[in-house]
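upload-v7.txt follows (compact mmCIF, C-alpha atoms):
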# COMPACT_ATOMS: atom_id res chain seq x y z
CA MET A 47 10.30 -12.12 -82.56
CA VAL A 48 9.58 -10.60 -79.15
CA TRP A 49 11.99 -11.56 -76.42
CA LEU A 50 13.30 -10.42 -73.08
CA LEU A 51 16.95 -11.04 -72.22
CA LYS A 52 18.50 -10.59 -68.81
CA LYS A 53 21.34 -8.06 -68.94
CA LEU A 54 24.56 -9.82 -69.82
CA SER A 55 26.46 -7.21 -67.87
CA GLU A 56 25.07 -8.50 -64.58
CA ASN A 57 27.84 -9.83 -62.36
CA THR A 58 30.41 -9.64 -65.15
CA THR A 59 32.90 -8.08 -62.74
CA ALA A 60 32.89 -11.14 -60.51
CA PRO A 61 35.89 -13.47 -60.84
CA ARG A 62 35.24 -16.17 -63.44
CA ARG A 63 34.96 -19.63 -61.98
CA SER A 64 36.70 -22.53 -63.58
CA PHE A 65 34.33 -24.64 -65.63
CA ARG A 66 32.77 -27.46 -63.67
CA MET A 67 29.56 -29.28 -64.43
CA ARG A 68 27.18 -30.32 -61.68
CA ARG A 69 24.97 -33.31 -62.43
CA VAL A 70 21.32 -32.40 -62.39
CA HIS A 71 20.25 -36.05 -62.45
CA GLU A 72 21.97 -39.10 -61.05
CA PRO A 73 22.96 -41.51 -63.84
CA TYR A 74 20.39 -44.19 -64.55
CA ALA A 75 21.38 -47.53 -63.02
CA ASP A 76 20.01 -49.16 -66.16
CA VAL A 77 18.70 -46.69 -68.72
CA PHE A 78 16.78 -49.30 -70.66
CA ALA A 79 15.05 -50.91 -67.67
CA ARG A 80 14.25 -47.61 -65.99
CA ASN A 81 12.46 -46.26 -69.07
CA ARG A 82 10.93 -49.42 -70.52
CA ILE A 83 7.23 -49.60 -71.29
CA ASP A 84 5.66 -52.98 -72.10
CA LEU A 85 4.05 -52.67 -75.53
CA THR A 86 1.68 -55.59 -74.86
CA VAL A 87 -0.28 -53.95 -72.02
CA THR A 88 -3.69 -52.35 -72.50
CA GLY A 89 -3.63 -48.59 -72.98
CA VAL A 90 0.06 -48.49 -73.85
CA GLU A 91 -0.35 -45.42 -76.08
CA ALA A 92 -1.61 -43.36 -73.13
CA ARG A 93 1.29 -44.56 -70.96
CA ILE A 94 3.79 -43.64 -73.65
CA ALA A 95 2.24 -40.20 -74.08
CA GLY A 96 2.40 -39.56 -70.34
CA ARG A 97 6.02 -40.66 -70.07
CA LEU A 98 7.06 -38.52 -73.04
CA ARG A 99 5.39 -35.47 -71.53
CA GLU A 100 7.11 -36.17 -68.20
CA THR A 101 10.65 -37.23 -69.11
CA GLY A 102 10.78 -37.24 -72.91
CA LEU A 103 12.17 -40.79 -73.12
CA VAL A 104 10.70 -44.28 -73.51
CA THR A 105 12.49 -47.58 -74.20
CA VAL A 106 10.77 -50.52 -75.91
CA ASP A 107 11.49 -54.09 -76.98
CA GLY A 108 9.93 -56.89 -79.02
CA LEU A 109 10.29 -55.02 -82.35
CA ALA A 110 12.45 -57.57 -84.14
CA SER A 111 11.40 -56.78 -87.71
CA ARG A 112 10.99 -53.74 -89.92
CA ALA A 113 7.26 -54.42 -90.16
CA ALA A 114 6.97 -54.43 -86.35
CA VAL A 115 8.84 -51.13 -86.08
CA LEU A 116 6.61 -49.48 -88.67
CA ALA A 117 3.44 -50.85 -87.06
CA PHE A 118 4.46 -49.46 -83.67
CA ALA A 119 5.57 -46.11 -85.10
CA THR A 120 2.21 -45.54 -86.79
CA ARG A 121 0.42 -46.15 -83.46
CA ILE A 122 2.12 -43.18 -81.84
CA MET A 123 3.09 -40.75 -84.61
CA ASN A 124 2.40 -39.49 -88.07
CA VAL A 125 5.58 -40.73 -89.73
CA VAL A 126 7.26 -37.93 -91.71
CA PRO A 127 9.17 -38.94 -94.86
CA HIS A 128 12.37 -37.01 -95.64
CA ARG A 129 15.56 -37.05 -97.70
CA ASP A 130 16.96 -40.27 -96.23
CA SER A 131 13.80 -42.29 -95.62
CA ASP A 132 12.69 -45.32 -97.59
CA PRO A 133 9.30 -45.48 -99.36
CA ASP A 134 7.55 -46.74 -96.21
CA GLY A 135 8.80 -43.73 -94.21
CA LEU A 136 11.40 -45.59 -92.14
CA THR A 137 15.11 -44.90 -92.54
CA THR A 138 17.61 -47.76 -92.69
CA ILE A 139 20.66 -46.76 -90.64
CA CYS A 140 23.75 -48.75 -91.63
CA ASP A 141 27.29 -48.27 -92.86
CA THR A 142 27.02 -47.63 -96.61
CA ARG A 143 30.84 -47.48 -96.79
CA ARG A 144 30.66 -44.31 -98.87
CA ASP A 145 29.33 -41.58 -96.56
CA ALA A 146 31.91 -41.19 -93.76
CA HIS A 147 33.28 -37.90 -95.10
CA ARG A 148 30.04 -36.35 -96.42
CA ALA A 149 28.72 -33.55 -94.19
CA GLY A 150 25.32 -34.49 -92.86
CA PHE A 151 25.67 -38.18 -93.80
CA ALA A 152 27.91 -39.48 -91.00
CA GLY A 153 25.02 -41.51 -89.61
CA PHE A 154 25.38 -43.79 -92.64
CA SER A 155 28.98 -44.66 -91.80
CA ASN A 156 30.67 -46.44 -88.89
CA VAL A 157 32.16 -43.34 -87.23
CA SER A 158 31.11 -41.92 -83.87
CA LEU A 159 28.40 -39.23 -83.81
CA ASP A 160 28.37 -36.15 -81.60
CA PRO A 161 25.25 -35.30 -79.55
CA HIS A 162 22.69 -33.76 -81.87
CA THR A 163 19.05 -33.01 -82.61
CA GLU A 164 17.56 -34.96 -85.49
CA ARG A 165 17.05 -32.77 -88.60
CA SER A 166 18.23 -29.67 -86.78
CA GLY A 167 18.63 -27.76 -90.04
CA THR A 168 14.91 -27.73 -90.84
CA PRO A 169 12.50 -25.01 -89.66
CA ASN A 170 10.49 -27.50 -87.61
CA PRO A 171 12.40 -30.66 -86.67
CA PRO A 172 10.19 -33.73 -86.11
CA ARG A 173 9.01 -33.96 -82.55
CA LEU A 174 9.53 -37.70 -82.06
CA MET A 175 12.31 -40.08 -83.02
CA LEU A 176 12.08 -43.86 -82.74
CA LEU A 177 15.29 -45.88 -83.20
CA VAL A 178 15.25 -49.70 -83.07
CA CYS A 179 18.08 -52.23 -83.38
CA GLY A 180 17.85 -54.68 -86.27
CA GLN A 181 21.40 -56.03 -85.88
CA THR A 182 24.12 -55.18 -83.37
CA ALA A 183 27.66 -54.21 -84.31
CA VAL A 184 30.54 -56.61 -83.73
CA VAL A 185 32.27 -54.01 -81.57
CA GLY A 186 30.96 -50.63 -80.37
CA GLY A 187 27.98 -48.78 -81.81
CA GLU A 188 26.26 -48.14 -78.46
CA CYS A 189 23.66 -45.38 -78.43
CA LEU A 190 24.40 -42.37 -76.23
CA LEU A 191 21.64 -40.07 -74.95
CA THR A 192 21.82 -36.63 -73.32
CA ASP A 193 18.92 -34.96 -71.52
CA GLY A 194 18.78 -31.37 -72.75
CA GLN A 195 17.16 -30.36 -69.47
CA ALA A 196 20.34 -31.41 -67.63
CA VAL A 197 22.55 -29.52 -70.11
CA HIS A 198 20.47 -26.36 -69.84
CA SER A 199 20.24 -26.43 -66.06
CA GLY A 200 23.91 -27.28 -65.62
CA LEU A 201 25.01 -24.38 -67.80
CA PHE A 202 22.81 -21.88 -66.00
CA ALA A 203 23.97 -23.15 -62.63
CA ASP A 204 27.71 -23.10 -63.38
CA GLU A 205 28.21 -21.10 -66.60
CA ARG A 206 25.28 -18.71 -66.76
CA GLN A 207 26.87 -16.43 -69.36
CA ALA A 208 27.14 -19.45 -71.65
CA GLY A 209 23.49 -20.32 -71.05
CA LEU A 210 22.36 -16.76 -71.74
CA ALA A 211 24.40 -16.48 -74.93
CA LEU A 212 23.16 -19.83 -76.26
CA ALA A 213 19.56 -18.66 -75.78
CA GLN A 214 20.00 -15.50 -77.84
CA PRO A 215 17.95 -15.72 -81.05
CA ARG A 216 19.59 -16.33 -84.42
CA THR A 217 23.02 -17.19 -83.06
CA ALA A 218 23.37 -20.51 -84.90
CA PHE A 219 22.84 -21.75 -88.44
CA PHE A 220 22.30 -25.49 -88.87
CA GLY A 221 22.25 -27.24 -92.21
CA ALA A 222 23.54 -26.66 -95.73
CA GLY A 223 22.54 -23.75 -97.98
CA ASP A 224 18.88 -24.44 -97.28
CA GLY A 225 19.43 -24.73 -93.52
CA HIS A 226 17.85 -22.82 -90.68
CA THR A 227 18.90 -19.89 -88.49
CA THR A 228 18.07 -20.58 -84.87
CA GLN A 229 19.58 -20.88 -81.37
CA VAL A 230 20.54 -23.77 -79.10
CA PHE A 231 17.94 -22.95 -76.43
CA THR A 232 14.54 -21.60 -77.45
CA VAL A 233 12.44 -20.32 -74.56
CA HIS A 234 8.70 -20.29 -75.18
CA ASP A 235 5.99 -18.05 -73.75
CA ASP A 236 5.20 -20.55 -70.98
CA LEU A 237 8.95 -20.61 -70.09
CA ARG A 238 9.40 -24.15 -71.32
CA VAL A 239 12.66 -24.66 -73.21
CA SER A 240 13.45 -26.52 -76.43
CA VAL A 241 16.98 -27.57 -77.38
CA ARG A 242 18.38 -27.80 -80.92
CA LEU A 243 22.00 -28.72 -81.57
CA ARG A 244 24.63 -30.15 -83.88
CA PHE A 245 28.43 -29.95 -83.81
CA ASP A 246 29.38 -31.20 -87.28
CA GLY A 247 30.41 -29.35 -90.43
CA LEU A 248 26.85 -28.16 -91.00
CA ALA A 249 26.87 -26.02 -87.85
CA ARG A 250 27.88 -22.36 -88.07
CA TRP A 251 27.98 -20.03 -85.10
CA ASN A 252 27.60 -16.34 -84.36
CA PRO A 253 30.74 -14.88 -82.71
CA ILE A 254 28.59 -14.16 -79.64
CA VAL A 255 28.35 -17.87 -78.84
CA GLN A 256 31.63 -19.23 -80.19
CA PRO A 257 33.53 -18.69 -76.88
CA TYR A 258 30.97 -20.89 -75.11
CA LEU A 259 31.03 -23.88 -77.46
CA PRO A 260 33.61 -25.79 -75.38
CA GLN A 261 31.34 -25.50 -72.31
CA LEU A 262 28.34 -26.59 -74.35
CA ARG A 263 30.13 -29.63 -75.77
CA ALA A 264 31.48 -30.56 -72.34
CA ALA A 265 28.00 -30.36 -70.84
CA ALA A 266 26.46 -32.46 -73.62
CA VAL A 267 29.07 -35.18 -73.11
CA HIS A 268 29.08 -34.95 -69.30
CA HIS A 269 25.38 -35.73 -69.09
CA GLN A 270 25.46 -38.61 -71.61
CA VAL A 271 24.10 -41.99 -70.63
CA ARG A 272 25.01 -45.19 -72.46
CA LEU A 273 22.24 -47.28 -74.01
CA PRO A 274 23.42 -50.54 -75.60
CA LEU A 275 20.55 -52.10 -77.54
CA ALA A 276 19.95 -55.71 -78.58
CA LEU A 277 17.85 -56.97 -81.49
CA GLY A 278 14.30 -55.61 -81.25
CA GLN A 279 15.15 -53.05 -78.56
CA GLY A 280 14.87 -49.33 -79.15
CA TYR A 281 14.10 -45.92 -77.76
CA LEU A 282 11.54 -43.24 -78.44
CA LEU A 283 12.50 -39.68 -77.54
CA ASP A 284 11.28 -36.12 -77.58
CA ASN A 285 13.51 -34.48 -80.19
CA GLU A 286 13.03 -31.08 -78.53
CA ARG A 287 14.53 -32.38 -75.27
CA TRP A 288 16.96 -35.26 -75.83
CA LEU A 289 20.18 -35.25 -77.84
CA HIS A 290 21.38 -38.54 -79.27
CA ALA A 291 24.80 -39.79 -80.34
CA ARG A 292 26.64 -43.02 -81.14
CA ARG A 293 29.97 -44.68 -80.60
CA ALA A 294 32.06 -45.81 -83.56
CA PHE A 295 31.66 -49.45 -84.50
CA THR A 296 32.84 -52.34 -86.61
CA GLY A 297 30.59 -54.89 -88.28
CA ASP A 298 27.23 -54.76 -90.03
CA ARG A 299 25.22 -52.70 -87.53
CA LEU A 300 21.62 -52.12 -88.66
CA PHE A 301 18.95 -49.86 -87.15
CA TRP A 302 15.55 -48.62 -88.26
CA ARG A 303 14.48 -45.06 -87.55
CA ALA A 304 11.11 -43.33 -87.67
CA LEU A 305 10.61 -39.58 -87.38
CA GLY A 306 7.25 -37.94 -86.95
CA GLU A 307 4.68 -35.89 -85.08
CA PRO A 308 2.89 -37.34 -82.04
CA LEU A 309 -0.73 -38.45 -82.25
CA PHE A 310 -1.30 -36.88 -78.82
CA PRO A 311 -0.71 -33.40 -77.35
CA MET A 312 2.82 -32.60 -76.18
CA PRO A 313 4.00 -29.26 -74.77
CA HIS A 314 7.29 -27.85 -76.01
CA GLY A 315 10.53 -29.26 -74.60
CA PHE A 316 10.93 -29.10 -70.83
CA PHE A 317 10.72 -26.86 -67.80
CA PRO A 318 14.22 -25.93 -66.56
CA ALA A 319 15.13 -28.07 -63.56
CA ARG A 320 17.24 -25.29 -62.10
CA VAL A 321 17.82 -21.81 -63.47
CA SER A 322 19.85 -19.22 -61.59
CA VAL A 323 18.71 -16.27 -63.73
CA ARG A 324 15.64 -15.50 -65.78
CA THR A 325 16.08 -16.81 -69.31
CA PRO A 326 15.00 -15.00 -72.48
CA VAL A 327 11.32 -15.21 -73.37
CA LEU A 328 10.54 -15.62 -77.05
CA SER A 329 7.19 -15.21 -78.72
CA GLU A 330 7.69 -18.22 -80.98
CA ALA A 331 9.96 -21.18 -81.58
CA GLY A 332 13.14 -20.71 -83.59
Please lay out the structure from this file as structure tokens.
Amino acid sequence: MVWLLKKLSENTTAPRRSFRMRRVHEPYADVFARNRIDLTVTGVEARIAGRLRETGLVTVDGLASRAAVLAFATRIMNVVPHRDSDPDGLTTICDTRRDAHRAGFAGFSNVSLDPHTERSGTPNPPRLMLLVCGQTAVVGGECLLTDGQAVHSGLFADERQAGLALAQPRTAFFGAGDGHTTQVFTVHDDLRVSVRLRFDGLARWNPIVQPYLPQLRAAAVHHQVRLPLALGQGYLLDNERWLHARRAFTGDRLFWRALGEPLFPMPHGFFPARVSVRTPVLSEAG
């Protein structure tokens, strides 16, 4: 893998500033309304493709059944079956009451989830994720989303050594024994950036990046936006840009999830909104 890394020794003699995150984007007044696309309008697939290429996030409603979710998913992606999916390719996300303490299975419990990339431990995580509410929790369970562009830009603006370290190749291993060696930020030939992340027991870190994990976690949480969803509401995101999480809940919360590859062209990740130093350039994705 060919890459160019800015010297880490640059400005290392300057006094270290205390960690402070600067918001790259103002919080959405209403995340759902601001990103909603009406699925009944003509040419909706083209509108969704354009929005995903621009911001990486779309919200939808009117998908009140499993059949409706699957029908919509197949209009925009090739649904990819995997370990947890059902025969139709969708995954039923609910509290099984047996998976809370199993590494990699916390999504099937009622505990909170840290910001993460879906299927981060595979060589090529699915590009799109659709998540739709089939039944709300009694208490809690709100979806939480973090724009990776904001995390990346905030780190390079305020903690550039952290940003540089987290872009060094092969500094993270995500997954179990058959997982994948990668890095949090992958910079492509066109200087677009992809993000890949998890914080659970299936994440292992090179000593180079371990000192910067508190800054990374703080940035991922700082830029979170809350997205409570009602029956039939959901979101579609670019899995190379957005991190998703969840609050703990009580009650029989039920969601349907589809993972897959878009039926339209999408460039990698995002362009950095603000970068104070040149980031590493890699010849291929990690």
Can you list every residue of segment 92-183 of chain A that has an atom at most 8 Å from segment 216-227 of chain A, with its nearest atom pair and the distance in Å to one decimal, using all atoms listed in the file, ordered by chain then number, as CSV?
residue,atom,partner,partner_atom,distance
A:Gly150,CA,A:Gly221,CA,7.9
A:Ser166,CA,A:Phe220,CA,6.2
A:Gly167,CA,A:Gly221,CA,4.3
A:Thr168,CA,A:His226,CA,5.7
A:Pro169,CA,A:His226,CA,5.9
Counting only C-alpha atoms, what is within 9 Å of Val267 of chain A, bar same-chain residues fewer than 6 positions away, as a ChimeraX atom specification?
-> /A:160-161,192
Within 12 Å of (22.5, -49.7, -68.9), only C-alpha atoms: residues as a list in words?
->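 Using only C-alpha atoms, the matching residues come out as Pro73, Tyr74, Ala75, Asp76, Val77, Phe78, Ala79, Arg80, Asn81, Arg82, Thr105, Glu188, Cys189, Leu190, Leu191, Gln270, Val271, Arg272, Leu273, Pro274, Leu275 and Ala276 of chain A.
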Looking at all atoms listed in the file, which of A:Leu212, A:Val125, A:Leu277, A:Leu116 is the one that sits closest to Trp251 of chain A?
->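 Of A:Leu212, A:Val125, A:Leu277, A:Leu116, the one nearest Trp251 of chain A, counting all atoms listed in the file, is A:Leu212.
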Find the residues around His128 of chain A up to 12 Å (only C-alpha atoms counted), leave out those fewer than 6 positions away in its own chain, and share them as a list in words.
-> Asp134, Gly135, Leu136, Thr137, Glu164, Arg165, Thr168, Pro171, Pro172, Arg303, Ala304, Leu305 and Gly306 of chain A
Can you work out the spacing between atom CA of Asp298 of chain A and atom CA of Arg129 of chain A in Å, to one decimal?
->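 Atom-to-atom, atom CA of Asp298 of chain A and atom CA of Arg129 of chain A are spaced 22.6 Å apart.
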For each of A:Leu282, A:Leu201, A:Val157, A:Leu243, take the minimum atom-to-atom distance to Ile83 of chain A, counting all atoms listed in the file, then give the residue where this is smallest.
->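 Residue with the minimum atom-to-atom distance to Ile83 of chain A: A:Leu282.
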To one decimal in Å, tell me the separation between atom CA of Phe118 of chain A and atom CA of Ala183 of chain A.
->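 Between these atoms lies a distance of 23.7 Å.
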Do you have the atom CA of Asp141 of chain A-atom CA of His162 of chain A distance handy?
->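 That distance, rounded to one decimal, is 18.8 Å.
Minimum distance to Thr296 of chain A across A:Pro215, A:Gly186, A:Gly89, A:Gly102 (counting only C-alpha atoms) occurs at A:Gly186.
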Return as lines of an AutoDock Vina configuration file the box centre and box size in Å, one decimal, for an axis-aligned box around all listed atoms of segment 113-119 of chain A padded by 6 Å per side.
center_x = 6.1
center_y = -50.3
center_z = -86.9
size_x = 17.4
size_y = 20.3
size_z = 18.5
